[in-house]
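For reference, the structure discussed in these notes is given below.
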Amino acid sequence: MVPRAWRNGVLLAASVVFYAWGEAKYLALVLGSVAFNWWMGLHIARANNPATRKRRLALAVTGNLGALAIFKYANFAVANVNTIAPIFALGPVALDAIPLLLGVSFFTFHAISYVVDVYKRNAAAQPSIPTFALYILLFPQLIAGPIIRFRDIAAQLVAHDAWFADFAYGVRRFILGLGKKVLIANTLGATADQIFALPAVQLTTPIAWLGLICYTLQIYFDFSGYSDMAIGLMRMFGFCILENFNYPYISRSVREFWRRWHFAI
């Protein structure tokens with residue numbers, strides 16, 4: 001129903017509102033990350049000297065991983081330092097708890113994939129910051145993935161059409177994923193939680209195996225379900241993204257497991 005020229009703007013506005021609904025306090029920080037990576041992408045693309053390009057890429061990746069480390073791992077690192085500090089007669093490190101930033105892993109790795117694609121010349125730097133912001137903030141994949149390589153969606157960000165057949169497919173795929181999450185994963189998770197909460201003396205071998213199997217299937221249907229929901233939502237808006245989940249439990253190695261679990265990377 002929206003004119004083509006306005007579609008990206010409407011999706012971007014909806015995505016900003018979506019994020020602000022859950023994490024308004026840190027919206028400015030996320031928008032700052034978008035601006036930083038857009039700016040770095042342009043400067044990497046403009047550099048002709050290989051050494052300069054490499055330095056700018058290193059700066060962009062370091063900045064992204066630094067933010068990820070602060071918001072996701074700082075509390076964990078301080079807790080571990082304080083655990084071993086008495087062994088070396090050191091005092092505890094004082095640090096106020098840092099809240100886990102919503103979706104920090106996903107928008108960070110999206111940003112890194114962008115600057116790496118620009119560096120390798122697998123994709124041109126996006127000159128429009130609203131279009132680049134849409135890639136990072138597009139709400140179906142903002143807080144739970146899947147991680148979409150910029151080179152795989154760059155052309156669709158500029159022009160995308162949602163036909164009725166695409167929308168219908170997207171609805172079906174979303175419902176399938178929602179069913180996996182709500183009907184299967186949540187049910188299995190409730191069983192696993194009850195088993196893991198049992199005292200050790202009550203945890204017999206068959207019950208322990210049941211808990212492990214329930215947990216294994218829970219995380220499978222959690223990830224498979226959200227991938228289906230994200231792919232379905234993206235298709236409703238005219239974006240056709242790669243599959244992200246390819247039967248990981250039939251893998252023969254850790255590397256194959258990673259590739260099947262994160263198929264689009």
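Simple scheme: letters A, B, ... for chains in structure tokens order, numbers from 1 for residues in each chain, numbers from 1 for ligands in the order shown.
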
- Message: Could you list, as number ranges by chain, every residue within 12 Å of region 156-170 of chain A, counting only C-alpha atoms and ignoring same-chain residues fewer than 4 positions away?
- Response: A: 1-9, 11-12, 126-136, 138, 140, 150-152, 174-177, 227-241

N, CA and C atoms of the current selection, written as a CSV table (one decimal), in the first residue's frame:
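Generated file (again-v5.csv):
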chain,number,residue,atom,x,y,z
A,1,MET,N,0.8,-1.2,0.0
A,1,MET,CA,0.0,0.0,0.0
A,1,MET,C,0.9,1.3,0.0
A,2,VAL,N,2.1,1.1,0.4
A,2,VAL,CA,3.0,2.3,0.4
A,2,VAL,C,3.7,2.5,-0.9
A,3,PRO,N,3.7,3.8,-1.4
A,3,PRO,CA,4.4,4.0,-2.7
A,3,PRO,C,5.9,3.6,-2.6
A,4,ARG,N,6.4,3.1,-3.7
A,4,ARG,CA,7.8,2.5,-3.7
A,4,ARG,C,8.8,3.4,-3.1
A,5,ALA,N,8.8,4.7,-3.4
A,5,ALA,CA,9.8,5.6,-2.9
A,5,ALA,C,9.8,5.8,-1.4
A,6,TRP,N,8.7,5.4,-0.8
A,6,TRP,CA,8.6,5.6,0.7
A,6,TRP,C,8.8,4.3,1.4
A,7,ARG,N,8.9,3.1,0.7
A,7,ARG,CA,8.9,1.8,1.4
A,7,ARG,C,10.1,1.7,2.4
A,8,ASN,N,11.3,2.0,1.9
A,8,ASN,CA,12.4,1.9,2.8
A,8,ASN,C,12.3,2.8,4.0
A,9,GLY,N,11.8,4.0,3.8
A,9,GLY,CA,11.6,4.9,4.9
A,9,GLY,C,10.6,4.4,5.9
A,11,LEU,N,9.9,1.2,6.5
A,11,LEU,CA,10.5,0.1,7.2
A,11,LEU,C,11.5,0.5,8.2
A,12,LEU,N,12.3,1.5,7.8
A,12,LEU,CA,13.3,2.0,8.7
A,12,LEU,C,12.7,2.7,10.0
A,126,GLN,N,27.7,1.6,0.6
A,126,GLN,CA,26.4,2.2,0.5
A,126,GLN,C,26.5,3.7,0.7
A,127,PRO,N,26.2,4.5,-0.3
A,127,PRO,CA,26.3,5.9,-0.1
A,127,PRO,C,25.2,6.6,0.7
A,128,SER,N,24.1,5.9,0.8
A,128,SER,CA,22.9,6.4,1.5
A,128,SER,C,22.9,5.9,2.9
A,129,ILE,N,23.0,6.7,3.9
A,129,ILE,CA,23.0,6.3,5.3
A,129,ILE,C,21.6,5.7,5.7
A,130,PRO,N,20.4,6.2,5.2
A,130,PRO,CA,19.2,5.5,5.5
A,130,PRO,C,19.1,4.1,5.0
A,131,THR,N,19.6,3.9,3.8
A,131,THR,CA,19.6,2.6,3.2
A,131,THR,C,20.5,1.6,4.0
A,132,PHE,N,21.7,2.1,4.4
A,132,PHE,CA,22.6,1.3,5.2
A,132,PHE,C,22.0,1.0,6.6
A,133,ALA,N,21.3,2.0,7.2
A,133,ALA,CA,20.6,1.9,8.5
A,133,ALA,C,19.6,0.8,8.4
A,134,LEU,N,18.9,0.7,7.2
A,134,LEU,CA,17.8,-0.3,7.1
A,134,LEU,C,18.5,-1.7,7.1
A,135,TYR,N,19.6,-1.8,6.5
A,135,TYR,CA,20.3,-3.1,6.5
A,135,TYR,C,20.6,-3.6,7.9
A,136,ILE,N,21.1,-2.7,8.8
A,136,ILE,CA,21.5,-3.0,10.1
A,136,ILE,C,20.2,-3.2,11.0
A,138,LEU,N,16.8,-3.5,10.2
A,138,LEU,CA,15.6,-4.1,9.7
A,138,LEU,C,15.0,-5.1,10.7
A,140,PRO,N,12.9,-7.6,11.3
A,140,PRO,CA,12.8,-9.1,11.4
A,140,PRO,C,14.1,-9.8,11.8
A,150,PHE,N,25.9,-8.5,3.7
A,150,PHE,CA,25.5,-7.3,3.0
A,150,PHE,C,25.5,-7.6,1.5
A,151,ARG,N,26.5,-8.3,1.0
A,151,ARG,CA,26.6,-8.6,-0.5
A,151,ARG,C,25.4,-9.3,-1.0
A,152,ASP,N,24.7,-10.1,-0.1
A,152,ASP,CA,23.6,-10.9,-0.5
A,152,ASP,C,22.3,-10.1,-0.6
A,174,PHE,N,6.3,-17.8,8.5
A,174,PHE,CA,6.3,-17.3,9.8
A,174,PHE,C,5.5,-18.1,10.8
A,175,ILE,N,4.3,-18.6,10.3
A,175,ILE,CA,3.4,-19.4,11.2
A,175,ILE,C,4.2,-20.7,11.5
A,176,LEU,N,4.8,-21.3,10.5
A,176,LEU,CA,5.6,-22.6,10.8
A,176,LEU,C,6.7,-22.3,11.9
A,177,GLY,N,7.4,-21.2,11.8
A,177,GLY,CA,8.4,-20.9,12.8
A,177,GLY,C,7.8,-20.6,14.1
A,227,SER,N,14.5,-18.6,12.8
A,227,SER,CA,15.0,-18.4,11.4
A,227,SER,C,13.8,-18.4,10.4
A,228,ASP,N,12.9,-19.4,10.7
A,228,ASP,CA,11.7,-19.4,9.8
A,228,ASP,C,10.9,-18.1,9.9
A,229,MET,N,10.7,-17.6,11.2
A,229,MET,CA,10.0,-16.4,11.4
A,229,MET,C,10.6,-15.2,10.7
A,230,ALA,N,12.0,-15.1,10.8
A,230,ALA,CA,12.7,-14.0,10.2
A,230,ALA,C,12.6,-14.1,8.7
A,231,ILE,N,12.8,-15.2,8.1
A,231,ILE,CA,12.8,-15.4,6.7
A,231,ILE,C,11.3,-15.1,6.2
A,232,GLY,N,10.3,-15.5,6.9
A,232,GLY,CA,8.9,-15.2,6.5
A,232,GLY,C,8.6,-13.8,6.6
A,233,LEU,N,9.0,-13.1,7.6
A,233,LEU,CA,8.8,-11.6,7.7
A,233,LEU,C,9.5,-10.9,6.6
A,234,MET,N,10.8,-11.3,6.3
A,234,MET,CA,11.5,-10.6,5.3
A,234,MET,C,10.8,-10.8,3.9
A,235,ARG,N,10.3,-12.0,3.7
A,235,ARG,CA,9.7,-12.2,2.4
A,235,ARG,C,8.4,-11.4,2.3
A,236,MET,N,7.7,-11.2,3.4
A,236,MET,CA,6.5,-10.4,3.4
A,236,MET,C,6.8,-9.0,2.9
A,237,PHE,N,8.0,-8.5,3.1
A,237,PHE,CA,8.4,-7.1,2.7
A,237,PHE,C,9.2,-7.1,1.4
A,238,GLY,N,9.3,-8.3,0.8
A,238,GLY,CA,9.9,-8.3,-0.5
A,238,GLY,C,11.4,-8.7,-0.5
A,239,PHE,N,11.9,-9.1,0.6
A,239,PHE,CA,13.3,-9.5,0.7
A,239,PHE,C,13.4,-11.0,0.7
A,240,CYS,N,14.3,-11.5,-0.2
A,240,CYS,CA,14.5,-13.0,-0.3
A,240,CYS,C,15.9,-13.2,0.3
A,241,ILE,N,16.0,-13.8,1.5
A,241,ILE,CA,17.3,-14.0,2.1
A,241,ILE,C,17.6,-15.5,2.1

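The environment of Pro248 (chain A) within 6 Å, counting only C-alpha atoms and disregarding residues fewer than 4 places along the same chain, consists of Phe257, Arg260 and Trp261 of chain A.
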
Output as an MDAnalysis selection string all residues of region 32-245 of chain A that backbone DSSP marks as helix (DSSP H, G or I).
chainID A and resid 32:46 50:88 104:119 129:137 139:141 150:158 164:196 200:202 205:236

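Between CA of Ala185 (chain A) and CA of Phe221 (chain A) lies a distance of 5.3 Å.
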
**Asked** Near region 186-193 of chain A, within 7 Å and counting only C-alpha atoms, which residues show up once chain neighbours fewer than 2 positions away are dropped, as a PyMOL selection string?
**Response** chain A and resi 181-184+195-197+211+214-215+218

If you count only C-alpha atoms, the residue of A:Val104, A:Leu27, A:Ala125, A:Ala14 closest to Leu42 (chain A) turns out to be A:Ala125

Nearby residues (only C-alpha atoms) at most 8 Å from region 36-40 of chain A, same-chain spacing under 3 positions excluded, as a PyMOL selection string:
chain A and resi 32-33+43-44+56-57+60+111+115+126+129+132

Residues near Gln141 (chain A), anyone? I mean within 8 Å using only C-alpha atoms, not counting same-chain ones fewer than 4 positions away, as a ChimeraX atom specification. /A:106,137,145-147,230

Using C-alpha atoms, can you write the selected residues to a file as a PDB file, in the first residue's frame?
ATOM      1  CA  PHE A 106      23.489  -9.450  15.667  1.00  0.00           C
ATOM      2  CA  LEU A 137      18.135  -2.224  11.804  1.00  0.00           C
ATOM      3  CA  GLY A 145      19.215 -12.886  13.368  1.00  0.00           C
ATOM      4  CA  PRO A 146      19.838 -14.606  11.063  1.00  0.00           C
ATOM      5  CA  ILE A 147      23.023 -12.752  10.133  1.00  0.00           C
ATOM      6  CA  ALA A 230      12.686 -13.975  10.210  1.00  0.00           C
TER       7      ALA A 230
END

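For the atom pair formed by CA of Pro199 (chain A) and CA of Asn75 (chain A), the distance is 28.6 Å, given to one decimal.
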
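Going from CA of Arg55 (chain A) over to CA of Gly41 (chain A), you cover 12.4 Å.
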